[in-house]
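Trainee: Please find one structure pasted underneath; my questions will follow.
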Amino acid sequence: MFPASPQSGRLRTVTSAQNSLVKDFRKAFAAGALVDGAFAIEGMKLIEEAIRSGLKIRAVVFSESGAARAERLLPQLSAQAETIVVDDQIFSAFAQTETPQGVAALVAVKEFELGPLLSVAEPLLVVVVGLQDPGNLGTILRCAEAFGATAVILAEKTVSRFNHKVIRASAGSAFRLPCIAVPTDTLIPKLREKQIRMLATSSHKGGDPIDMAALIGKVAIFIGNEGAGLPKEVMAQMDGLVTIPQSEKVESLNAGIATSIILYEAARQRRG
């Protein structure tokens with residue numbers, strides 16, 4: 001079933017799709033949510049990135065055709081990580097990629113608390129409200145880490161950060177950057193209490209052009225839904241609007257690109 005090696009003795013063969021661990025993988029991938037405090041990822045690159053990022057690997061599953069990768073991966077796992085091998089059909093039932101590598105893992109989530117994130121000297125926060133595209137959220141996480149954001153806060157109706165497409169698009173930033181889910185009716189009063197300015201973003205005219213906006217100090221940048229933007233009740237509570245001037249011939253920038261431009265400018269101002 002898999003190549004014999006000093007490491008292969010750790011692998012337990014599972015033949016039933018109803019095995020409890022197989023069901024955990026299926027549920028975690030399908031829902032893009034935590035299962036007993038762990039989320040699912042797929043592929044060697046992501047799993048090794050999670051290990052390098054210091055996350056705890058709870059379990060790894062190999063398909064029969066992908067079991068050769070065990071020789072490389074198993075030495076990187078703690079003795080507590082459960083490791084199994086299943087046939088290709090069972091694996092493909094929960095695999096999310098078009099061409100599966102035959103290896104997936106359950107990774108323990110790293111928890112963060114809102115209070116400490118708001119209490120840093122000059123927080124740069126990204127608040128995402130109602131964003132549904134996982135690629136956009138993954139891009140936001142990646143850019144937030146690249147440009148020194150303190151954290152990304154996910155408000156109501158936003159795609160789960162444990163969605164496999166979000167994790168893949170983040171290129172590992174989802175493993176390291178503080179990211180928590182907090183509804184706006186809880187978050188906004190706490191931002192006010194900490195005197196953190198709340199800025200909405202827009203590709204339309206009005207507000208301060210990005211090169212004129214003050215992005216230093218305590219700032220929370222709010223990003224809305226791809227089509228509708230921020231809800232009216234949230235927009236009404238903003239302290240300012242930051243716009244990205246662009247050609248009228250071009251449609252509005254998507255949320256991932258717009259956020260990356262604003263975060264780059266925030267990083268530039270803060271370096272100055």
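Labels for the structure tokens follow display order: chains A, B, ..., residues from 1 in each chain, ligands from 1.
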Near Ile196 of chain A, within 7 Å and counting only C-alpha atoms, which residues show up once chain neighbours fewer than 5 positions away are dropped, as number ranges by chain?

Mentor: A: 191, 218-220

Trainee: Restrict the selected residues to all heavy atoms and save them as a compact mmCIF listing (two decimals), in the first residue's frame.

Mentor:
```
# COMPACT_ATOMS: atom_id res chain seq x y z
N LEU A 191 -13.37 49.86 19.83
CA LEU A 191 -12.47 50.73 19.09
C LEU A 191 -12.61 52.17 19.57
O LEU A 191 -11.61 52.89 19.73
CB LEU A 191 -12.76 50.65 17.59
CG LEU A 191 -12.46 49.30 16.90
CD1 LEU A 191 -12.92 49.34 15.45
CD2 LEU A 191 -10.98 48.97 16.97
N LYS A 218 -3.35 55.23 15.73
CA LYS A 218 -4.27 54.12 15.97
C LYS A 218 -5.35 54.12 14.88
O LYS A 218 -6.19 55.02 14.83
CB LYS A 218 -4.93 54.25 17.34
CG LYS A 218 -3.95 54.27 18.52
CD LYS A 218 -4.71 54.43 19.82
CE LYS A 218 -3.78 54.40 21.01
NZ LYS A 218 -4.54 54.49 22.30
N VAL A 219 -5.30 53.11 14.03
CA VAL A 219 -6.17 53.10 12.85
C VAL A 219 -6.79 51.72 12.64
O VAL A 219 -6.10 50.70 12.77
CB VAL A 219 -5.40 53.52 11.58
CG1 VAL A 219 -6.28 53.39 10.35
CG2 VAL A 219 -4.88 54.94 11.72
N ALA A 220 -8.08 51.72 12.30
CA ALA A 220 -8.77 50.50 11.85
C ALA A 220 -9.34 50.77 10.47
O ALA A 220 -10.14 51.70 10.31
CB ALA A 220 -9.86 50.10 12.82
```

Trainee: Using only C-alpha atoms, which protein or nucleic acid residues come within 7 Å of Phe94 of chain A? Drop anything in the same chain fewer than 3 positions from it, and give the result as a PyMOL selection string.

Mentor: chain A and resi 26+29+91

Trainee: Please, could you write that set of residues out with N, CA and C atoms as a PDB file, in the first residue's frame?

Mentor:
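In the end it all went to out_3.pdb:
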```
ATOM      1  N   ARG A  26     -13.398  15.230   6.536  1.00  0.00           N
ATOM      2  CA  ARG A  26     -14.491  15.545   5.611  1.00  0.00           C
ATOM      3  C   ARG A  26     -15.292  16.754   6.098  1.00  0.00           C
ATOM      4  N   PHE A  29     -13.128  20.162   5.942  1.00  0.00           N
ATOM      5  CA  PHE A  29     -12.994  20.677   4.583  1.00  0.00           C
ATOM      6  C   PHE A  29     -14.332  21.187   4.052  1.00  0.00           C
ATOM      7  N   PHE A  91      -9.867   9.406   0.034  1.00  0.00           N
ATOM      8  CA  PHE A  91      -9.197  10.707   0.089  1.00  0.00           C
ATOM      9  C   PHE A  91      -9.846  11.708  -0.856  1.00  0.00           C
TER      10      PHE A  91
END
```

Trainee: Do you know which residues are at most 10 Å from Val234 of chain A counting only C-alpha atoms, after dropping those on the same chain fewer than 3 positions away, and could you put them as a ChimeraX atom specification?

Mentor: /A:129,184-185,188,200,222,224,230-231,237-238

Trainee: Based on the selection just made, write N, CA and C atoms of those residues as a PDB file, in the first residue's frame.

Mentor:
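The new file out14.pdb reads:
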```pdb
ATOM      1  N   VAL A 129     -15.874  43.249   6.654  1.00  0.00           N
ATOM      2  CA  VAL A 129     -17.305  43.121   6.948  1.00  0.00           C
ATOM      3  C   VAL A 129     -18.042  42.616   5.711  1.00  0.00           C
ATOM      4  N   THR A 184     -19.483  43.611  14.414  1.00  0.00           N
ATOM      5  CA  THR A 184     -19.252  45.053  14.488  1.00  0.00           C
ATOM      6  C   THR A 184     -19.920  45.692  15.699  1.00  0.00           C
ATOM      7  N   ASP A 185     -21.071  45.178  16.134  1.00  0.00           N
ATOM      8  CA  ASP A 185     -21.729  45.807  17.284  1.00  0.00           C
ATOM      9  C   ASP A 185     -20.947  45.592  18.575  1.00  0.00           C
ATOM     10  N   ILE A 188     -16.993  47.894  17.400  1.00  0.00           N
ATOM     11  CA  ILE A 188     -16.930  49.358  17.260  1.00  0.00           C
ATOM     12  C   ILE A 188     -16.895  50.077  18.604  1.00  0.00           C
ATOM     13  N   ALA A 200     -13.238  54.016   6.493  1.00  0.00           N
ATOM     14  CA  ALA A 200     -13.799  53.188   5.430  1.00  0.00           C
ATOM     15  C   ALA A 200     -12.997  53.395   4.158  1.00  0.00           C
ATOM     16  N   PHE A 222     -11.655  49.649   7.482  1.00  0.00           N
ATOM     17  CA  PHE A 222     -12.816  48.799   7.258  1.00  0.00           C
ATOM     18  C   PHE A 222     -12.968  48.488   5.771  1.00  0.00           C
ATOM     19  N   GLY A 224     -15.471  46.437   3.019  1.00  0.00           N
ATOM     20  CA  GLY A 224     -16.832  45.918   2.918  1.00  0.00           C
ATOM     21  C   GLY A 224     -16.991  44.818   1.890  1.00  0.00           C
ATOM     22  N   LEU A 230     -19.656  48.567   2.636  1.00  0.00           N
ATOM     23  CA  LEU A 230     -20.011  48.445   4.049  1.00  0.00           C
ATOM     24  C   LEU A 230     -21.499  48.679   4.251  1.00  0.00           C
ATOM     25  N   PRO A 231     -22.110  47.985   5.209  1.00  0.00           N
ATOM     26  CA  PRO A 231     -23.510  48.270   5.546  1.00  0.00           C
ATOM     27  C   PRO A 231     -23.666  49.729   5.984  1.00  0.00           C
ATOM     28  N   GLN A 237     -20.840  55.098  11.209  1.00  0.00           N
ATOM     29  CA  GLN A 237     -20.031  55.223  12.408  1.00  0.00           C
ATOM     30  C   GLN A 237     -18.549  55.451  12.113  1.00  0.00           C
ATOM     31  N   MET A 238     -18.206  55.559  10.841  1.00  0.00           N
ATOM     32  CA  MET A 238     -16.813  55.756  10.470  1.00  0.00           C
ATOM     33  C   MET A 238     -16.351  57.187  10.780  1.00  0.00           C
TER      34      MET A 238
END
```

Trainee: Excluding Leu263 of chain A and residues on its chain fewer than 5 positions from it, collect all residues at most 8 Å away from it, counting only C-alpha atoms, and give them as a ChimeraX atom specification.

Mentor: /A:143-144,147,149

Trainee: Keeping only all heavy atoms, write the selected residues to a file as a short mmCIF file (atom, residue, chain, number, x, y, z; two decimals), in the first residue's frame.

Mentor:
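result_26.cif, written as the output of this step:
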```
data_model
loop_
_atom_site.label_atom_id
_atom_site.label_comp_id
_atom_site.auth_asym_id
_atom_site.auth_seq_id
_atom_site.Cartn_x
_atom_site.Cartn_y
_atom_site.Cartn_z
N CYS A 143 -1.38 40.38 2.44
CA CYS A 143 -0.90 41.77 2.39
C CYS A 143 -0.83 42.38 3.79
O CYS A 143 0.06 43.19 4.07
CB CYS A 143 -1.81 42.60 1.50
SG CYS A 143 -1.74 42.13 -0.24
N ALA A 144 -1.77 42.02 4.66
CA ALA A 144 -1.75 42.54 6.02
C ALA A 144 -0.48 42.13 6.74
O ALA A 144 0.15 42.94 7.44
CB ALA A 144 -2.99 42.06 6.79
N PHE A 147 2.64 44.06 5.11
CA PHE A 147 2.76 45.49 5.38
C PHE A 147 2.60 45.84 6.86
O PHE A 147 2.37 46.99 7.21
CB PHE A 147 1.78 46.27 4.51
CG PHE A 147 2.04 46.12 3.04
CD1 PHE A 147 1.03 45.70 2.17
CD2 PHE A 147 3.30 46.38 2.50
CE1 PHE A 147 1.28 45.54 0.82
CE2 PHE A 147 3.55 46.22 1.15
CZ PHE A 147 2.54 45.81 0.31
N ALA A 149 0.43 44.94 9.39
CA ALA A 149 -0.82 45.14 10.13
C ALA A 149 -0.78 44.36 11.44
O ALA A 149 -0.15 43.30 11.55
CB ALA A 149 -2.02 44.69 9.30
#
```

Trainee: Fewer than 6 positions away in the same chain doesn't count, so skip those; otherwise give me all residues within 7 Å of segment 55-66 of chain A, counting only C-alpha atoms, as an mmCIF file with N, CA, C and O atoms, in the first residue's frame.

Mentor:
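Output saved as around_38.cif:
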```
data_model
loop_
_atom_site.group_PDB
_atom_site.id
_atom_site.type_symbol
_atom_site.label_atom_id
_atom_site.label_comp_id
_atom_site.auth_asym_id
_atom_site.auth_seq_id
_atom_site.Cartn_x
_atom_site.Cartn_y
_atom_site.Cartn_z
ATOM 1 N N MET A 1 0.830 -1.206 0.000
ATOM 2 C CA MET A 1 0.000 0.000 0.000
ATOM 3 C C MET A 1 0.859 1.248 0.000
ATOM 4 O O MET A 1 0.597 2.236 -0.628
ATOM 5 N N PHE A 2 1.962 1.253 0.740
ATOM 6 C CA PHE A 2 2.884 2.382 0.755
ATOM 7 C C PHE A 2 4.290 1.842 0.917
ATOM 8 O O PHE A 2 4.503 0.739 1.393
ATOM 9 N N ALA A 81 1.171 13.433 16.836
ATOM 10 C CA ALA A 81 0.336 13.578 15.644
ATOM 11 C C ALA A 81 -0.113 12.213 15.141
ATOM 12 O O ALA A 81 0.709 11.314 14.927
ATOM 13 N N GLU A 82 -1.405 12.069 14.931
ATOM 14 C CA GLU A 82 -1.937 10.809 14.407
ATOM 15 C C GLU A 82 -1.723 10.785 12.897
ATOM 16 O O GLU A 82 -1.926 11.795 12.213
ATOM 17 N N THR A 83 -1.315 9.640 12.362
ATOM 18 C CA THR A 83 -1.041 9.544 10.929
ATOM 19 C C THR A 83 -1.716 8.294 10.361
ATOM 20 O O THR A 83 -1.548 7.203 10.887
ATOM 21 N N ILE A 84 -2.474 8.488 9.280
ATOM 22 C CA ILE A 84 -3.190 7.361 8.687
ATOM 23 C C ILE A 84 -3.015 7.391 7.174
ATOM 24 O O ILE A 84 -2.644 8.418 6.588
ATOM 25 N N VAL A 85 -3.291 6.257 6.545
ATOM 26 C CA VAL A 85 -3.308 6.157 5.093
ATOM 27 C C VAL A 85 -4.632 5.535 4.684
ATOM 28 O O VAL A 85 -5.114 4.595 5.318
ATOM 29 N N VAL A 86 -5.250 6.119 3.639
ATOM 30 C CA VAL A 86 -6.547 5.643 3.150
ATOM 31 C C VAL A 86 -6.445 5.425 1.643
ATOM 32 O O VAL A 86 -5.502 5.902 0.995
ATOM 33 N N ASP A 87 -7.418 4.716 1.090
ATOM 34 C CA ASP A 87 -7.358 4.517 -0.359
ATOM 35 C C ASP A 87 -7.714 5.823 -1.073
ATOM 36 O O ASP A 87 -8.279 6.751 -0.490
ATOM 37 N N ASP A 88 -7.372 5.896 -2.344
ATOM 38 C CA ASP A 88 -7.526 7.138 -3.100
ATOM 39 C C ASP A 88 -8.972 7.603 -3.166
ATOM 40 O O ASP A 88 -9.249 8.815 -3.187
ATOM 41 N N PHE A 91 -9.867 9.406 0.034
ATOM 42 C CA PHE A 91 -9.197 10.707 0.089
ATOM 43 C C PHE A 91 -9.846 11.708 -0.856
ATOM 44 O O PHE A 91 -10.072 12.871 -0.488
ATOM 45 N N GLN A 101 -2.447 16.095 -4.007
ATOM 46 C CA GLN A 101 -1.132 15.508 -3.780
ATOM 47 C C GLN A 101 -1.217 14.273 -2.890
ATOM 48 O O GLN A 101 -0.230 13.571 -2.708
ATOM 49 N N GLY A 102 -2.393 14.052 -2.315
ATOM 50 C CA GLY A 102 -2.558 12.860 -1.500
ATOM 51 C C GLY A 102 -2.106 13.014 -0.073
ATOM 52 O O GLY A 102 -1.752 12.017 0.572
ATOM 53 N N VAL A 103 -2.110 14.238 0.446
ATOM 54 C CA VAL A 103 -1.756 14.453 1.849
ATOM 55 C C VAL A 103 -2.531 15.659 2.372
ATOM 56 O O VAL A 103 -2.644 16.690 1.706
ATOM 57 N N ALA A 104 -3.106 15.504 3.557
ATOM 58 C CA ALA A 104 -3.868 16.579 4.197
ATOM 59 C C ALA A 104 -3.621 16.501 5.702
ATOM 60 O O ALA A 104 -3.193 15.468 6.225
ATOM 61 N N ALA A 105 -3.893 17.610 6.380
ATOM 62 C CA ALA A 105 -3.615 17.660 7.820
ATOM 63 C C ALA A 105 -4.700 18.415 8.558
ATOM 64 O O ALA A 105 -5.359 19.303 8.000
ATOM 65 N N LEU A 106 -4.893 18.057 9.817
ATOM 66 C CA LEU A 106 -5.701 18.833 10.748
ATOM 67 C C LEU A 106 -4.738 19.605 11.641
ATOM 68 O O LEU A 106 -3.849 19.021 12.265
ATOM 69 N N VAL A 107 -4.921 20.925 11.682
ATOM 70 C CA VAL A 107 -3.985 21.818 12.360
ATOM 71 C C VAL A 107 -4.696 22.540 13.498
ATOM 72 O O VAL A 107 -5.773 23.116 13.298
ATOM 73 N N ALA A 108 -4.103 22.522 14.679
ATOM 74 C CA ALA A 108 -4.694 23.207 15.826
ATOM 75 C C ALA A 108 -4.652 24.715 15.609
ATOM 76 O O ALA A 108 -3.624 25.274 15.246
#
```

Trainee: How would you write, as a PyMOL selection string, the set of residues in segment 123-156 of chain A that DSSP gives as alpha helix (DSSP H)?

Mentor: chain A and resi 134-146

Trainee: Take the selection from the previous step and output its residues with N, CA and C atoms, as a short mmCIF file (atom, residue, chain, number, x, y, z; two decimals), in the first residue's frame.

Mentor:
```
data_model
loop_
_atom_site.label_atom_id
_atom_site.label_comp_id
_atom_site.auth_asym_id
_atom_site.auth_seq_id
_atom_site.Cartn_x
_atom_site.Cartn_y
_atom_site.Cartn_z
N PRO A 134 -13.32 34.07 -1.04
CA PRO A 134 -12.20 33.56 -0.26
C PRO A 134 -10.85 33.99 -0.79
N GLY A 135 -10.74 34.16 -2.11
CA GLY A 135 -9.47 34.62 -2.68
C GLY A 135 -9.13 36.02 -2.21
N ASN A 136 -10.15 36.89 -2.14
CA ASN A 136 -9.93 38.25 -1.66
C ASN A 136 -9.48 38.25 -0.20
N LEU A 137 -10.14 37.44 0.63
CA LEU A 137 -9.75 37.42 2.04
C LEU A 137 -8.34 36.87 2.20
N GLY A 138 -8.00 35.83 1.45
CA GLY A 138 -6.64 35.30 1.51
C GLY A 138 -5.61 36.35 1.12
N THR A 139 -5.91 37.13 0.07
CA THR A 139 -5.02 38.20 -0.36
C THR A 139 -4.88 39.26 0.73
N ILE A 140 -5.99 39.60 1.38
CA ILE A 140 -5.95 40.58 2.46
C ILE A 140 -5.06 40.10 3.61
N LEU A 141 -5.18 38.84 3.98
CA LEU A 141 -4.33 38.30 5.04
C LEU A 141 -2.86 38.36 4.66
N ARG A 142 -2.57 38.01 3.42
CA ARG A 142 -1.18 38.01 2.95
C ARG A 142 -0.60 39.42 2.96
N CYS A 143 -1.38 40.38 2.44
CA CYS A 143 -0.90 41.77 2.39
C CYS A 143 -0.83 42.38 3.79
N ALA A 144 -1.77 42.02 4.66
CA ALA A 144 -1.75 42.54 6.02
C ALA A 144 -0.48 42.13 6.74
N GLU A 145 -0.06 40.89 6.56
CA GLU A 145 1.20 40.47 7.17
C GLU A 145 2.38 41.17 6.51
N ALA A 146 2.36 41.27 5.19
CA ALA A 146 3.48 41.86 4.46
C ALA A 146 3.72 43.31 4.85
#
```
